[in-house]
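Undergrad: See my_file.csv below, with CSV, C-alpha atoms.
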chain,number,residue,atom,x,y,z
D,7,ARG,CA,7.3,26.6,4.9
D,8,LEU,CA,10.8,28.1,5.1
D,9,PHE,CA,12.3,25.0,6.6
D,10,SER,CA,10.3,22.7,4.4
D,11,ALA,CA,11.3,24.4,1.1
D,12,PHE,CA,15.0,24.2,1.9
D,13,THR,CA,15.4,21.0,3.9
D,14,ALA,CA,13.2,18.6,2.1
D,15,PRO,CA,15.7,18.0,-0.8
D,16,LEU,CA,18.6,18.4,1.6
D,17,GLU,CA,17.5,15.7,3.9
D,18,GLY,CA,17.5,13.1,1.1
D,19,CYS,CA,20.9,14.3,-0.1
D,20,ALA,CA,22.4,14.1,3.3
D,21,LEU,CA,21.0,10.7,4.0
D,22,ARG,CA,22.3,9.3,0.7
D,23,ARG,CA,25.7,10.8,1.5
D,24,ALA,CA,25.7,9.1,4.9
D,25,ALA,CA,24.9,5.7,3.5
D,26,MET,CA,27.0,5.9,0.3
D,27,ARG,CA,30.0,3.7,-0.3
D,28,PRO,CA,33.4,5.6,-0.3
D,29,ARG,CA,34.0,5.2,-4.0
D,30,ARG,CA,30.7,6.9,-4.8
D,31,LEU,CA,31.0,9.5,-2.0
D,32,ALA,CA,33.8,11.3,-3.8
D,33,ARG,CA,31.7,11.5,-7.0
D,34,HIS,CA,28.9,13.2,-5.1
D,35,SER,CA,30.5,16.7,-5.0
D,36,ARG,CA,27.6,18.5,-6.6
D,37,CYS,CA,25.2,17.3,-3.9
D,38,SER,CA,27.7,18.4,-1.2
D,39,ALA,CA,27.9,21.9,-2.7
D,40,ALA,CA,24.1,22.1,-2.8
D,41,VAL,CA,23.9,21.1,0.8
D,42,ALA,CA,26.5,23.6,1.9
D,43,GLY,CA,25.1,26.5,-0.1
D,44,ALA,CA,21.5,25.9,0.9
D,45,ALA,CA,22.3,25.3,4.5
D,46,VAL,CA,24.0,28.7,4.8
D,47,VAL,CA,21.0,30.4,3.3
D,48,LEU,CA,18.6,28.4,5.4
D,49,ILE,CA,20.2,29.2,8.7
D,50,GLY,CA,20.4,32.9,8.0
D,51,GLN,CA,16.8,33.1,6.9
D,52,ALA,CA,15.6,30.8,9.6
D,53,PHE,CA,16.9,32.9,12.4
D,54,ARG,CA,15.3,36.0,10.8
D,55,ALA,CA,12.0,34.2,10.6
D,56,LEU,CA,12.3,33.0,14.2
D,57,ARG,CA,13.0,36.5,15.5
D,58,ALA,CA,9.9,37.8,13.6
D,59,ARG,CA,7.8,35.3,15.6
D,60,THR,CA,9.3,36.4,19.0
D,61,LEU,CA,7.0,38.2,21.4
D,62,ASP,CA,8.4,39.6,24.7
D,63,GLY,CA,11.3,37.2,24.3
D,64,ALA,CA,9.1,34.1,24.0
D,65,PHE,CA,8.9,32.1,20.8
D,66,LEU,CA,5.4,31.3,19.9
D,67,ALA,CA,5.0,28.1,17.8
D,68,THR,CA,1.8,29.0,16.0
D,69,THR,CA,1.2,25.5,14.7
D,70,SER,CA,2.3,22.0,15.5
D,71,ARG,CA,3.6,21.7,12.0
D,72,GLU,CA,6.0,24.6,12.4
D,73,ALA,CA,7.2,23.1,15.6
D,74,ALA,CA,7.9,19.8,13.9
D,75,LEU,CA,9.7,21.5,11.1
D,76,LEU,CA,12.2,23.0,13.5
D,77,GLY,CA,13.5,19.5,14.0
D,78,ARG,CA,14.7,19.6,10.4
D,79,ARG,CA,17.7,21.6,11.5
D,80,GLY,CA,19.2,18.3,12.6
D,81,ALA,CA,19.3,17.2,8.9
D,82,VAL,CA,21.1,20.4,7.9
D,83,ALA,CA,23.6,19.9,10.8
D,84,ALA,CA,24.2,16.4,9.6
D,85,ALA,CA,24.9,17.6,6.0
D,86,MET,CA,27.2,20.3,7.1
D,87,ALA,CA,29.1,18.0,9.5
D,88,GLY,CA,29.7,15.7,6.5
D,89,LEU,CA,31.4,18.7,4.8
D,90,GLY,CA,33.6,19.5,7.7
D,91,LEU,CA,31.5,22.4,9.0
D,92,GLN,CA,30.2,22.9,12.5
D,93,VAL,CA,26.7,23.8,13.5
D,94,ALA,CA,25.6,24.5,17.0
D,95,GLY,CA,22.8,22.4,18.2
D,96,PRO,CA,21.8,18.8,19.1
D,97,ALA,CA,23.5,16.0,17.2
D,98,PRO,CA,21.3,14.6,14.4
D,99,ALA,CA,20.1,11.0,14.4
D,100,SER,CA,22.2,8.7,12.2
D,101,ALA,CA,20.9,7.8,8.8
D,102,ARG,CA,19.4,4.3,8.5
D,103,PRO,CA,22.0,2.0,7.0
D,104,ALA,CA,21.5,0.5,3.6
D,105,ASP,CA,19.5,-2.8,3.4
D,106,PRO,CA,20.0,-5.5,0.8
D,107,VAL,CA,18.0,-4.9,-2.3
D,108,THR,CA,15.5,-7.7,-2.8
D,109,PRO,CA,13.7,-8.9,-5.9
D,110,GLU,CA,10.5,-7.5,-4.3
D,111,ASP,CA,12.1,-4.0,-4.1
D,112,LEU,CA,12.9,-4.1,-7.8
D,113,ASP,CA,9.4,-5.4,-8.6
D,114,ARG,CA,7.9,-2.5,-6.6
D,115,LEU,CA,10.0,0.0,-8.5
D,116,ARG,CA,9.1,-1.6,-11.8
D,117,ASN,CA,5.4,-1.5,-10.9
D,118,ALA,CA,5.7,2.1,-9.7
D,119,TYR,CA,7.0,3.1,-13.1
D,120,LYS,CA,4.1,1.3,-14.8
D,121,ASP,CA,1.6,2.9,-12.5
D,122,LEU,CA,3.0,6.4,-13.3
D,123,GLU,CA,2.8,5.6,-17.0
D,124,TYR,CA,-0.8,4.6,-16.6
D,125,LEU,CA,-1.6,7.8,-14.5
D,126,MET,CA,-0.2,10.1,-17.1
D,127,ALA,CA,-1.8,8.3,-20.0
D,128,ASN,CA,-5.2,8.4,-18.2
D,129,TRP,CA,-4.9,11.5,-16.2
D,130,ASN,CA,-8.6,12.7,-16.4
D,131,LYS,CA,-9.9,9.2,-15.9
D,132,VAL,CA,-7.9,8.6,-12.8
D,133,THR,CA,-8.1,12.0,-11.2
D,134,ARG,CA,-11.8,12.6,-11.7
D,135,ASP,CA,-14.9,11.0,-10.1
D,136,CYS,CA,-17.9,11.0,-12.5
D,137,LYS,CA,-20.3,9.0,-10.3
D,138,SER,CA,-21.9,12.0,-8.8
D,139,SER,CA,-21.9,14.2,-12.0
D,140,VAL,CA,-25.3,15.3,-13.4
D,141,PRO,CA,-25.7,15.0,-17.2
D,142,ASN,CA,-26.6,18.1,-19.1
D,143,GLN,CA,-26.2,20.3,-16.0
D,144,VAL,CA,-25.2,23.8,-16.8
D,145,LYS,CA,-22.8,25.4,-14.2
D,146,VAL,CA,-21.7,29.0,-14.0
D,147,LEU,CA,-18.0,29.2,-15.0
D,148,GLN,CA,-15.6,30.7,-12.5
D,149,SER,CA,-12.7,32.8,-13.5
D,150,GLY,CA,-9.5,30.9,-13.9
D,151,GLU,CA,-9.0,27.3,-14.9
D,152,ALA,CA,-12.1,25.5,-16.2
D,153,SER,CA,-12.6,21.8,-15.6
D,154,PRO,CA,-12.5,19.5,-18.7
D,155,ASP,CA,-15.9,17.9,-17.8
D,156,GLU,CA,-18.6,18.0,-15.1
D,157,CYS,CA,-16.9,15.3,-13.1
D,158,ILE,CA,-15.6,16.0,-9.6
D,159,ALA,CA,-11.8,16.3,-9.3
D,160,ASN,CA,-10.1,13.7,-7.0
D,161,PRO,CA,-6.6,15.1,-6.7
D,162,ASP,CA,-5.7,13.1,-3.6
D,163,ILE,CA,-5.4,10.0,-5.8
D,164,VAL,CA,-2.2,11.5,-7.2
D,165,ARG,CA,-0.5,11.2,-3.8
D,166,LYS,CA,-1.1,7.4,-3.9
D,167,TYR,CA,0.9,7.2,-7.1
D,168,MET,CA,3.6,9.3,-5.5
D,169,GLY,CA,3.9,7.0,-2.5
D,170,ASP,CA,2.4,9.4,0.1
D,171,ARG,CA,-0.9,7.8,1.0
D,172,SER,CA,0.0,4.4,2.4
D,173,ILE,CA,3.0,2.3,3.4
D,174,TYR,CA,1.8,-0.1,0.8
D,175,ASP,CA,2.2,2.4,-2.1
D,176,ASN,CA,4.9,1.3,-4.5
D,177,LEU,CA,6.9,4.5,-4.0
D,178,HIS,CA,6.5,4.7,-0.3
D,179,ASN,CA,9.9,5.6,1.4
D,180,SER,CA,11.6,5.8,-2.0
D,181,GLU,CA,14.5,7.7,-0.5
D,182,GLN,CA,15.5,4.6,1.5
D,183,LEU,CA,15.1,2.5,-1.7
D,184,TRP,CA,17.7,4.7,-3.5
D,185,ILE,CA,20.1,4.4,-0.6
D,186,ASN,CA,19.7,0.6,-0.7
D,187,ILE,CA,20.3,0.5,-4.5
D,188,ASP,CA,23.2,2.9,-4.3
D,189,ALA,CA,24.9,0.6,-1.8
D,190,SER,CA,24.4,-2.4,-4.1
D,191,ASP,CA,26.3,-3.3,-7.3
D,192,LEU,CA,23.2,-2.7,-9.5
D,193,ILE,CA,24.4,0.6,-10.9
D,194,PRO,CA,27.0,0.4,-13.7
D,195,LYS,CA,30.0,2.6,-12.9
D,196,LYS,CA,29.5,4.7,-16.1
D,197,ASP,CA,25.9,5.5,-14.9
D,198,GLU,CA,26.6,6.5,-11.3
D,199,ASP,CA,26.4,10.3,-11.9
D,200,ARG,CA,23.4,9.9,-14.1
D,201,PHE,CA,21.7,7.8,-11.5
D,202,GLN,CA,22.4,10.4,-8.7
D,203,ASP,CA,21.0,13.2,-10.9
D,204,ALA,CA,17.9,11.2,-11.8
D,205,ILE,CA,17.0,10.2,-8.2
D,206,GLU,CA,17.5,13.8,-7.0
D,207,GLU,CA,15.3,15.3,-9.8
D,208,PHE,CA,12.8,12.5,-9.4
D,209,GLU,CA,12.4,13.1,-5.6
D,210,ARG,CA,12.0,16.8,-6.2
D,211,HIS,CA,9.2,16.4,-8.8
D,212,ARG,CA,7.6,13.6,-6.9
D,213,ARG,CA,7.4,15.6,-3.8
D,214,THR,CA,6.1,18.7,-5.6
D,215,ALA,CA,3.5,16.8,-7.5
D,216,SER,CA,2.2,15.3,-4.3
D,217,GLU,CA,2.1,18.8,-2.6
D,218,TRP,CA,0.2,20.4,-5.4
D,219,ALA,CA,-2.3,17.4,-5.3
D,220,TYR,CA,-2.8,18.0,-1.6
D,221,THR,CA,-3.3,21.7,-2.1
D,222,SER,CA,-5.8,21.0,-4.9
D,223,THR,CA,-7.8,18.8,-2.6
D,224,TRP,CA,-8.5,21.8,-0.4
D,225,GLY,CA,-8.8,24.3,-3.3
D,226,GLU,CA,-12.6,24.9,-2.8
D,227,ASN,CA,-12.4,25.2,1.0
D,228,ASN,CA,-9.7,27.8,1.3
D,229,PRO,CA,-10.5,31.5,1.4
D,230,GLY,CA,-10.9,32.8,-2.2
D,231,GLY,CA,-11.0,29.2,-3.4
D,232,GLY,CA,-13.3,27.5,-5.8
D,233,ARG,CA,-13.5,24.7,-8.4
D,234,ASP,CA,-11.2,26.7,-10.7
D,235,LYS,CA,-8.5,26.7,-8.0
D,236,VAL,CA,-8.9,22.9,-7.7
D,237,GLU,CA,-8.4,22.5,-11.4
D,238,ASN,CA,-5.4,24.9,-11.6
D,239,TYR,CA,-3.5,23.2,-8.7
D,240,LEU,CA,-4.3,19.8,-10.2
D,241,LEU,CA,-2.8,20.9,-13.5
D,242,ARG,CA,0.3,21.9,-11.7
D,243,SER,CA,0.5,18.5,-10.1
D,244,LYS,CA,0.1,17.0,-13.5
D,245,SER,CA,3.1,19.0,-14.8
D,246,GLU,CA,5.3,17.8,-11.9
D,247,SER,CA,4.1,14.2,-12.3
D,248,THR,CA,5.1,14.3,-16.0
D,249,LYS,CA,8.7,15.3,-14.9
D,250,ALA,CA,8.7,12.7,-12.2
D,251,LEU,CA,7.8,10.0,-14.7
D,252,GLU,CA,10.6,11.1,-17.0
D,253,GLN,CA,13.2,10.8,-14.3
D,254,LEU,CA,11.9,7.5,-13.0
D,255,GLY,CA,12.1,6.3,-16.6
D,256,ILE,CA,15.9,7.1,-16.5
D,257,ILE,CA,16.2,5.2,-13.2
D,258,VAL,CA,14.5,2.0,-14.3
D,259,ASN,CA,16.5,2.2,-17.6
D,260,ILE,CA,19.8,2.3,-15.7
D,261,LEU,CA,18.7,-0.6,-13.5
D,262,LYS,CA,17.5,-2.5,-16.6
D,263,LEU,CA,14.0,-3.0,-15.2
D,264,VAL,CA,12.3,-2.1,-18.5
Take the structure I supplied and represent it as structure tokens, if you would.
TA:
Amino acid sequence: RLFSAFTAPLEGCALRRAAMRPRRLARHSRCSAAVAGAAVVLIGQAFRALRARTLDGAFLATTSREAALLGRRGAVAAAMAGLGLQVAGPAPASARPADPVTPEDLDRLRNAYKDLEYLMANWNKVTRDCKSSVPNQVKVLQSGEASPDECIANPDIVRKYMGDRSIYDNLHNSEQLWINIDASDLIPKKDEDRFQDAIEEFERHRRTASEWAYTSTWGENNPGGGRDKVENYLLRSKSESTKALEQLGIIVNILKLV
């Protein structure tokens, strides 16, 4: 969790810096400062966390997920290297170069915006399954967040709208799409900073909305969980989805897709 919380936004920032054209790289100073500051905090806290998990000198990777997250240090190293700093460890893989932006890419982005608009306008309809609900059934209310109806919450559908369910989702691999667009001439010079701010904020809210949706999916199965937890986490996902839509609206407006 420690690596994920710090490096998820930093990876996207570092990759965009690596693929950015020189005239835009100089304007990306705020991203550079964020990478440097967070990287310093991350490294210090990471080593403290690793020492806490050391037993008789042997590091125990308690889960495969934690082991995989250790590879994220490469992204931090890449970001710090771009700032003229040195970090001990293996050299990170190079960022994928920008690809030409195709009409299909822009259609996908336009459709993603329309999909998110539909999701937010029809949240309860999209995120709830009423096929197995029982009319007039009285249920004991749990403490916490109550559901708006007797339908079963289907939080995982939110992840599809955020591009995390399938390679065919409109927002799948959106980070690479931003790299491609940034390397093109689609962004007016006056909107370059606004575009960078929007894509960073969008990715943050998109990712968080998807994570809360995933957490909500397992809300009844976790210890101390229940239907109220499912509803509470789903509402948090809704809040983040609203913010993601707002930022995506700025992006498609800059690109004149709406």
Undergrad: Tell me, as a PDB file with C-alpha atoms, in the coordinates of the input, which residues lie within 12 Å of Glu207 (chain D), counting all atoms listed in the file; anything in the same chain fewer than 4 positions away does not count.
TA:
ATOM      1  CA  PRO D  15      15.700  18.000  -0.800  1.00  0.00           C
ATOM      2  CA  GLY D  18      17.500  13.100   1.100  1.00  0.00           C
ATOM      3  CA  CYS D  19      20.900  14.300  -0.100  1.00  0.00           C
ATOM      4  CA  CYS D  37      25.200  17.300  -3.900  1.00  0.00           C
ATOM      5  CA  ARG D 200      23.400   9.900 -14.100  1.00  0.00           C
ATOM      6  CA  PHE D 201      21.700   7.800 -11.500  1.00  0.00           C
ATOM      7  CA  GLN D 202      22.400  10.400  -8.700  1.00  0.00           C
ATOM      8  CA  ASP D 203      21.000  13.200 -10.900  1.00  0.00           C
ATOM      9  CA  HIS D 211       9.200  16.400  -8.800  1.00  0.00           C
ATOM     10  CA  ARG D 212       7.600  13.600  -6.900  1.00  0.00           C
ATOM     11  CA  ARG D 213       7.400  15.600  -3.800  1.00  0.00           C
ATOM     12  CA  THR D 214       6.100  18.700  -5.600  1.00  0.00           C
ATOM     13  CA  GLU D 246       5.300  17.800 -11.900  1.00  0.00           C
ATOM     14  CA  SER D 247       4.100  14.200 -12.300  1.00  0.00           C
ATOM     15  CA  THR D 248       5.100  14.300 -16.000  1.00  0.00           C
ATOM     16  CA  LYS D 249       8.700  15.300 -14.900  1.00  0.00           C
ATOM     17  CA  ALA D 250       8.700  12.700 -12.200  1.00  0.00           C
ATOM     18  CA  LEU D 251       7.800  10.000 -14.700  1.00  0.00           C
ATOM     19  CA  GLU D 252      10.600  11.100 -17.000  1.00  0.00           C
ATOM     20  CA  GLN D 253      13.200  10.800 -14.300  1.00  0.00           C
ATOM     21  CA  LEU D 254      11.900   7.500 -13.000  1.00  0.00           C
ATOM     22  CA  GLY D 255      12.100   6.300 -16.600  1.00  0.00           C
ATOM     23  CA  ILE D 256      15.900   7.100 -16.500  1.00  0.00           C
ATOM     24  CA  ILE D 257      16.200   5.200 -13.200  1.00  0.00           C
TER      25      ILE D 257
END
Undergrad: Neighbours of region 236-241 of chain D within 12 Å (only C-alpha atoms; same-chain residues fewer than 4 positions away dropped), as a ChimeraX atom specification?
TA: /D:126,129-130,133-134,148-165,214-228,230-232,245-248
Undergrad: Which protein, DNA or RNA residues are at most 10 Å from (23.8, -1.1, -5.0) in the file's coordinates when you count all atoms listed in the file, listed as JSON, numbers by chain?
TA: {"D": [26, 27, 104, 105, 106, 107, 183, 184, 185, 186, 187, 188, 189, 190, 191, 192, 193, 194, 261]}
Undergrad: What does the structure give for the distance between CA of Ile205 (chain D) and CA of Ser180 (chain D), in Å to one decimal?
TA: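 Going from CA of Ile205 (chain D) over to CA of Ser180 (chain D), I get 9.3 Å.
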Undergrad: Could you please determine the separation between CA of Pro103 (chain D) and CA of Gln182 (chain D) in Å, to one decimal place?
TA: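 One can read the CA of Pro103 (chain D) to CA of Gln182 (chain D) distance as 8.9 Å.
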